Every structure is written in structure tokens, then in C-alpha cells.
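Heads up, run-v5.csv below (CSV, C-alpha atoms and all ligand atoms):
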```
chain,number,residue,atom,x,y,z
R,252,MET,CA,71.1,0.6,-41.3
R,253,ASN,CA,67.8,2.0,-42.7
R,254,ILE,CA,64.4,1.5,-41.2
R,255,LYS,CA,63.5,-1.2,-43.7
R,256,GLU,CA,66.5,-3.3,-42.6
R,257,GLN,CA,65.8,-2.8,-39.0
R,258,ILE,CA,62.2,-3.8,-39.5
R,259,ASP,CA,63.4,-7.0,-41.3
R,260,ILE,CA,65.5,-7.9,-38.3
R,261,LEU,CA,62.7,-7.3,-35.8
R,262,VAL,CA,60.4,-9.5,-38.0
R,263,LYS,CA,63.1,-12.2,-37.9
R,264,LEU,CA,63.4,-11.8,-34.1
R,265,GLN,CA,59.7,-12.2,-33.7
R,266,LYS,CA,59.7,-15.3,-35.8
R,267,ILE,CA,62.4,-16.8,-33.5
R,268,GLU,CA,60.3,-15.8,-30.5
R,269,ILE,CA,57.1,-17.3,-31.8
R,270,GLU,CA,58.8,-20.6,-32.5
R,271,SER,CA,60.5,-20.6,-29.1
R,272,ASP,CA,57.2,-19.9,-27.3
R,273,ASP,CA,55.6,-22.7,-29.3
R,274,ILE,CA,58.3,-25.1,-28.2
R,275,LYS,CA,58.2,-23.9,-24.6
R,276,SER,CA,54.4,-24.4,-24.5
R,277,LYS,CA,54.8,-27.9,-25.9
R,278,LEU,CA,57.5,-28.7,-23.3
R,279,SER,CA,55.3,-27.6,-20.5
R,280,ASN,CA,52.4,-29.7,-21.9
R,281,VAL,CA,54.8,-32.6,-21.9
R,282,SER,CA,55.4,-32.5,-18.2
R,283,LYS,CA,51.7,-32.3,-17.6
R,284,LYS,CA,51.3,-35.4,-19.9
R,285,LEU,CA,54.0,-37.3,-18.0
R,286,ASP,CA,52.3,-36.4,-14.7
R,287,SER,CA,49.0,-37.7,-16.0
R,288,PHE,CA,50.6,-41.0,-17.1
R,289,ASP,CA,52.1,-41.5,-13.6
R,290,ALA,CA,48.7,-40.7,-12.0
R,291,LYS,CA,47.0,-43.2,-14.2
R,292,LEU,CA,49.5,-45.9,-13.3
R,293,LYS,CA,49.2,-45.1,-9.6
R,294,GLU,CA,45.4,-45.3,-9.8
R,295,PHE,CA,45.8,-48.7,-11.4
R,296,GLU,CA,48.2,-49.9,-8.8
R,297,GLN,CA,45.8,-48.7,-6.0
R,298,SER,CA,42.9,-50.6,-7.5
R,299,ILE,CA,45.0,-53.8,-7.5
R,300,ILE,CA,46.0,-53.2,-3.9
R,301,ASP,CA,42.4,-52.7,-3.0
R,302,GLU,CA,41.4,-55.9,-4.7
R,303,GLU,CA,44.2,-57.8,-2.9
R,304,SER,CA,43.2,-56.5,0.4
R,305,LEU,CA,39.6,-57.6,-0.3
R,306,LEU,CA,41.0,-61.1,-1.2
R,307,ASN,CA,42.9,-61.1,2.1
R,308,ASP,CA,39.7,-60.3,4.0
R,309,LEU,CA,37.8,-63.0,2.1
R,310,ASN,CA,40.4,-65.6,3.0
R,311,LYS,CA,40.3,-64.6,6.6
R,312,GLU,CA,36.5,-64.8,6.6
R,313,TYR,CA,36.7,-68.2,5.0
R,314,ARG,CA,39.2,-69.5,7.6
R,315,SER,CA,37.0,-68.2,10.4
R,316,TYR,CA,33.9,-70.0,9.0
R,317,ASP,CA,36.1,-73.1,8.5
R,318,SER,CA,37.1,-73.0,12.1
R,319,ASP,CA,33.4,-72.6,13.1
R,320,ALA,CA,32.5,-75.6,11.0
R,321,GLN,CA,35.3,-77.7,12.6
R,322,THR,CA,34.3,-76.6,16.1
R,323,SER,CA,30.7,-77.5,15.6
R,324,LEU,CA,31.6,-80.9,14.0
R,325,ALA,CA,33.8,-81.7,17.0
R,326,LEU,CA,31.0,-80.8,19.4
R,327,ILE,CA,28.6,-82.9,17.4
R,328,LYS,CA,30.9,-85.9,17.8
R,329,LYS,CA,31.2,-85.3,21.5
R,330,SER,CA,27.4,-85.1,21.8
R,331,GLN,CA,27.1,-88.4,19.9
R,332,GLU,CA,29.4,-90.0,22.4
R,333,LYS,CA,27.4,-88.5,25.3
R,334,LEU,CA,24.3,-89.8,23.7
R,335,ARG,CA,25.4,-93.4,24.3
R,336,ALA,CA,25.8,-92.7,28.0
R,337,VAL,CA,22.5,-90.8,28.7
R,338,LYS,CA,20.3,-92.2,31.4
R,339,THR,CA,17.1,-90.1,31.3
R,340,ASN,CA,14.7,-89.2,28.5
R,341,LYS,CA,15.0,-85.5,29.5
R,342,GLU,CA,18.8,-85.6,29.1
R,343,TYR,CA,18.4,-87.4,25.8
R,344,GLN,CA,16.0,-84.8,24.4
R,345,SER,CA,18.2,-81.9,25.5
R,346,LEU,CA,21.2,-83.5,23.9
R,347,LEU,CA,19.3,-84.1,20.7
R,348,LYS,CA,18.2,-80.4,20.7
R,349,GLU,CA,21.8,-79.3,21.2
R,350,MET,CA,23.0,-81.5,18.3
R,351,GLU,CA,20.3,-80.0,16.0
R,352,GLU,CA,21.5,-76.6,16.8
R,353,LEU,CA,25.2,-77.6,16.2
R,354,LYS,CA,24.2,-79.2,12.9
R,355,ALA,CA,22.4,-76.0,11.9
R,356,LYS,CA,25.4,-74.0,12.9
R,357,ASN,CA,27.7,-76.3,10.9
R,358,SER,CA,25.6,-76.2,7.8
R,359,GLN,CA,25.4,-72.4,8.0
R,360,ALA,CA,29.2,-72.2,8.2
R,361,GLU,CA,29.5,-74.5,5.3
R,362,ASP,CA,27.1,-72.4,3.2
R,363,GLU,CA,29.1,-69.3,4.0
R,364,MET,CA,32.3,-71.2,3.0
R,365,LEU,CA,30.9,-72.1,-0.4
R,366,LEU,CA,29.8,-68.5,-1.0
R,367,GLY,CA,33.2,-67.3,0.2
R,368,LEU,CA,35.0,-69.7,-2.2
R,369,ASP,CA,33.0,-68.2,-5.1
R,370,ARG,CA,33.9,-64.7,-4.1
R,371,ILE,CA,37.6,-65.7,-3.6
R,372,ASP,CA,37.6,-67.2,-7.0
R,373,GLU,CA,36.0,-64.2,-8.6
R,374,THR,CA,38.4,-61.8,-6.8
R,375,GLU,CA,41.5,-63.8,-7.8
R,376,LYS,CA,40.3,-63.7,-11.4
R,377,ASN,CA,39.8,-59.9,-11.1
R,378,ILE,CA,43.3,-59.5,-9.7
R,379,SER,CA,44.8,-61.6,-12.5
R,380,VAL,CA,42.9,-59.6,-15.2
R,381,LYS,CA,43.9,-56.3,-13.6
R,382,LYS,CA,47.6,-57.3,-13.3
R,383,ASP,CA,47.7,-58.4,-17.0
R,384,GLU,CA,46.1,-55.1,-18.0
R,385,TYR,CA,48.4,-53.2,-15.7
R,386,SER,CA,51.5,-54.6,-17.3
R,387,ARG,CA,50.1,-53.8,-20.8
R,388,VAL,CA,49.3,-50.2,-19.7
R,389,LYS,CA,52.7,-49.9,-18.1
R,390,GLU,CA,54.5,-51.1,-21.2
R,391,ARG,CA,52.5,-48.6,-23.3
R,392,VAL,CA,53.2,-45.8,-20.9
R,393,ASN,CA,56.9,-46.5,-20.9
R,394,SER,CA,57.1,-46.5,-24.6
R,395,ASP,CA,55.0,-43.3,-24.8
R,396,LYS,CA,57.3,-41.8,-22.2
R,397,GLU,CA,60.4,-42.7,-24.3
R,398,THR,CA,58.9,-41.1,-27.4
R,399,ILE,CA,58.0,-38.0,-25.4
R,400,MET,CA,61.5,-37.8,-23.9
R,401,GLN,CA,63.0,-38.0,-27.3
R,402,GLU,CA,60.7,-35.1,-28.5
R,403,VAL,CA,61.7,-33.2,-25.4
R,404,GLU,CA,65.4,-33.6,-26.2
R,405,ILE,CA,64.8,-32.4,-29.8
R,406,GLY,CA,62.8,-29.5,-28.5
R,407,LYS,CA,65.4,-28.5,-26.0
R,408,GLU,CA,68.1,-28.6,-28.7
R,409,ARG,CA,66.0,-26.5,-31.0
R,410,LEU,CA,65.4,-24.1,-28.2
R,411,ALA,CA,69.0,-23.6,-27.5
R,412,LYS,CA,69.7,-23.0,-31.2
R,413,LEU,CA,66.9,-20.4,-31.3
R,414,GLU,CA,68.2,-18.7,-28.2
R,415,ALA,CA,71.7,-18.4,-29.8
R,416,GLU,CA,70.0,-17.1,-33.0
R,417,TRP,CA,68.0,-14.6,-31.0
R,418,ASN,CA,71.1,-13.3,-29.3
R,419,GLU,CA,72.9,-12.9,-32.6
R,420,VAL,CA,69.9,-11.3,-34.4
R,421,SER,CA,69.0,-9.0,-31.6
R,422,SER,CA,72.6,-7.6,-31.4
R,423,LYS,CA,72.1,-6.2,-34.9
R,424,VAL,CA,69.1,-4.1,-33.8
R,425,LYS,CA,69.7,-0.6,-32.5
R,426,PRO,CA,69.4,-0.9,-28.7
R,427,GLU,CA,66.7,1.8,-28.5
R,428,LEU,CA,64.7,0.1,-31.1
R,429,LEU,CA,65.1,-3.3,-29.4
R,430,LYS,CA,63.9,-1.6,-26.2
R,431,ARG,CA,60.9,-0.2,-27.9
R,432,TYR,CA,60.1,-3.5,-29.4
R,433,MET,CA,60.3,-5.3,-26.1
R,434,MET,CA,58.1,-2.6,-24.5
R,435,VAL,CA,55.4,-3.0,-27.2
R,436,LYS,CA,55.7,-6.8,-26.8
R,437,ARG,CA,55.0,-6.5,-23.1
R,438,GLN,CA,52.1,-4.1,-23.7
R,439,VAL,CA,50.3,-6.2,-26.3
R,440,LYS,CA,51.3,-9.5,-24.7
R,441,GLY,CA,52.5,-11.2,-27.9
R,442,ILE,CA,53.0,-10.1,-31.5
R,443,ALA,CA,54.8,-6.7,-31.3
R,444,ILE,CA,55.5,-6.1,-34.9
R,445,ALA,CA,52.7,-6.5,-37.5
R,446,SER,CA,52.5,-6.3,-41.2
R,447,VAL,CA,50.0,-4.0,-43.0
R,448,LYS,CA,48.5,-5.3,-46.2
R,449,LYS,CA,46.1,-3.3,-48.3
R,450,SER,CA,46.1,-0.8,-45.4
R,451,VAL,CA,44.8,-3.3,-42.9
R,452,CYS,CA,46.9,-3.9,-39.7
R,453,SER,CA,47.4,-7.7,-39.3
R,454,GLY,CA,47.8,-7.2,-35.6
R,455,CYS,CA,44.3,-5.9,-35.0
R,456,ASN,CA,42.6,-6.1,-38.4
R,457,MET,CA,41.8,-2.3,-38.4
R,458,ASN,CA,42.1,0.0,-41.4
R,459,LEU,CA,44.9,2.5,-41.3
R,460,PRO,CA,44.1,6.1,-42.2
R,461,PRO,CA,45.1,6.7,-45.9
R,462,GLN,CA,47.6,9.3,-45.0
R,463,MET,CA,49.4,7.0,-42.7
R,464,TYR,CA,49.3,4.1,-45.2
R,465,ASN,CA,51.1,6.3,-47.7
R,466,GLU,CA,53.8,7.3,-45.1
R,467,LEU,CA,54.2,3.6,-44.2
R,468,GLN,CA,55.0,2.7,-47.8
R,469,ARG,CA,57.7,5.2,-47.9
R,470,CYS,CA,59.3,3.4,-44.9
R,471,ASP,CA,61.3,6.4,-43.7
R,472,SER,CA,60.4,6.3,-40.1
R,473,LEU,CA,59.2,3.9,-37.4
R,474,LYS,CA,55.3,3.7,-37.4
R,475,PHE,CA,52.8,2.4,-34.9
R,476,CYS,CA,49.3,1.2,-35.4
R,477,PRO,CA,47.0,4.0,-34.0
R,478,ASN,CA,44.6,1.3,-32.9
R,479,CYS,CA,46.7,-1.5,-31.3
R,480,GLN,CA,50.0,0.4,-30.9
R,481,ARG,CA,52.0,-2.4,-32.5
R,482,ILE,CA,55.1,-1.5,-34.6
R,483,ILE,CA,53.8,-1.8,-38.2
R,484,TYR,CA,55.4,-2.2,-41.6
R,485,TRP,CA,54.1,-2.3,-45.1
R,486,GLU,CA,53.9,-5.6,-46.9
R,487,LYS,CA,53.3,-5.8,-50.6
R,488,SER,CA,50.1,-7.6,-51.3
P,501,ZN,ZN,46.8,-2.6,-35.2
```
Would you mind writing the file's structure down as C-alpha cells?
Amino acid sequence: MNIKEQIDILVKLQKIEIESDDIKSKLSNVSKKLDSFDAKLKEFEQSIIDEESLLNDLNKEYRSYDSDAQTSLALIKKSQEKLRAVKTNKEYQSLLKEMEELKAKNSQAEDEMLLGLDRIDETEKNISVKKDEYSRVKERVNSDKETIMQEVEIGKERLAKLEAEWNEVSSKVKPELLKRYMMVKRQVKGIAIASVKKSVCSGCNMNLPPQMYNELQRCDSLKFCPNCQRIIYWEKS
């Protein structure tokens, strides 16, 4: 196999690797995307839980004011009964004062209950709106997930095909050339074999010395870019 044929195989190999890397990076983004979906749903669930716990507190508060109101009402009733039996003016005045205080307490509790009812109402509405939104978001997330998982399946299948193709193609390259190619690839962290058009290396965009450009066109030995060290080959422009 001549140099030109070997170069063609390396180019093919590189094409397979580029596509594989692209798919791998997409697949890795997918798992990040899925994580972010789950995080979004969890955040939503938490906000509903928070709102429900607020509702629970408000209901407790309401019941406590309600019990205060009942207690003061009962005490007022008792005082009214006592009032009928009082003998002295002093007793009468003191009982009246006590009743005033109880009435004030009762009306305060009732005010708080009204406010509480408003807040309970508002919170219940918030929860219902949030739950509706949550089920919409969840539905959308599930359908997005499904689409993504289908893409993942397609990607994985393609990746397996590319891997098989890589094994087949790489077996045609001379082992020492493949070794060299892998070494350059590690060094440049990416594209290891670059075309040269009009004496410009496509790997680093530098001009090749004229002498080297002429040699490259003859294609009788493996050449490396003197600037970026990539394996280079001549491409007709
Ligand atoms: Zn170069």
C-alpha cells in the first residue's frame, strides 16, 4: 500500500473519530439535560410541599383563634349569668369590665379568623394553580425525555456501528503508522491529520515552505507540518 492509500485510510479513520466524538459529546449533554429536568421537577414539588405546609400552619392558626373565640364567648355567657346574681355595685362594675375585656378578646379572635380565612383561601388557590402547572410541566418533561431517549438509542446504535467501522478501517493501516497517528492525536489533542491546500496547513493555517510543499505533492513519504506537527497531505484546490 502506498503512502497516498495509507493517508486516505487515516483520513477515513479521522472522519469516523470526529463523528464518534460528536455523538459522545451529545450523549453526555443528554444526561446533563435529563438531570436538569429532574432538578426542575423536584424544585417544583418542593414549592408545592412548602405551600401545603403553609396551609397546614394557617389552618392550625385558624383553629386556635376559633377556640379562643369560643372560650371567650362561653366566658361572656357565664358573666351574663353572674350579672343577674350580683349584689353590690362594685361587683357589678368589675363584672362589666371583665365582660368588656372578653368581648374585645372575642372580636380580636374573630378578626384574625377572617384574615386567616383570606390567607387560607389564597394559599389553596396557589396550591391548585401550582399543581395544575406541575402536571403540565411533568407531562412536557416526560415527552421531552422520551424524545431524548429515542435520540440516545439512535446515537448509541450509530456509535456501535462507527466503532466496528473504526476497527475494520484501522486494521488496514500499517501498525507503526497507526501508532504514529495516535501519538500525534494525543499531542495535538484532536485533529491529527490535516490537508494542505495552496500550501496552507488546514490544521494550523500556516504556510508550508515551498520546498516542502513540492515534496508533499509527490506524496512519496509521510510528512509532518513543521509548525503544528500534524500529519499532512496534499489536497488539490
Ligand atoms: Zn500545521
Expected answer as number ranges by chain: residues within 9 Å of ligand ZN 501 (chain P), only C-alpha atoms and all ligand atoms: R: 445, 447, 451-459, 475-483
Once you count all atoms listed in the file, what closest atom pair and distance in Å to one decimal does each residue of range 383-459 of chain R within 9 Å of range 273-282 of chain R have, with rows by chain and rising residue number, as a tab-separated table?
```
residue	atom	partner	partner_atom	distance
R:Ile399	CA	R:Val281	CA	7.2
R:Met400	CA	R:Val281	CA	8.7
R:Glu402	CA	R:Leu278	CA	8.8
R:Val403	CA	R:Leu278	CA	6.5
R:Gly406	CA	R:Ile274	CA	6.3
R:Lys407	CA	R:Ile274	CA	8.2
R:Arg409	CA	R:Ile274	CA	8.3
R:Leu410	CA	R:Ile274	CA	7.2
```
Atom-to-atom span, CA of Thr374 in chain R and CA of Gln321 in chain R, Å: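 Interatomic distance, CA of Thr374 in chain R to CA of Gln321 in chain R: 25.3 Å.
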When you count only C-alpha atoms, which of these residues is closest to Gln265 in chain R: R:Leu467, R:Val420, R:Leu473, R:Met434? R:Val420
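Separating CA of Glu312 in chain R from CA of Met364 in chain R is a distance of 8.5 Å.
Going from CA of Lys448 in chain R over to CA of Lys487 in chain R, you cover 6.5 Å.
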List the neighbours of Ile300 in chain R out to 12 Å using all atoms listed in the file; skip same-chain residues closer than 3 positions along the sequence, and give me the result as a ChimeraX atom specification. /R:293-297,303-307,374,377-378,381-382
Given all atoms listed in the file as the counted atoms, nearest of R:Lys341, R:Arg314, R:Arg370, R:Arg431 to Lys474 in chain R: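 Comparing R:Lys341, R:Arg314, R:Arg370, R:Arg431 against Lys474 in chain R, the winner is R:Arg431.
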Determine, counting only C-alpha atoms, which protein, DNA and RNA residues have an atom within 9 Å of an atom of Leu413 in chain R; residues of the same chain fewer than 6 positions away are not included. Present the result as a ChimeraX atom specification. /R:267-268,270-271
Which residues are near Asn418 in chain R? Cut-off 12 Å, only C-alpha atoms, ignore same chain within fewer than 2 positions. Put them as a list of chain:residue names.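 My reading of the contact set: R:Ile260, R:Lys263, R:Leu264, R:Ile267, R:Glu268, R:Ala411, R:Lys412, R:Leu413, R:Glu414, R:Ala415, R:Glu416, R:Val420, R:Ser421, R:Ser422, R:Lys423, R:Val424, R:Leu429.
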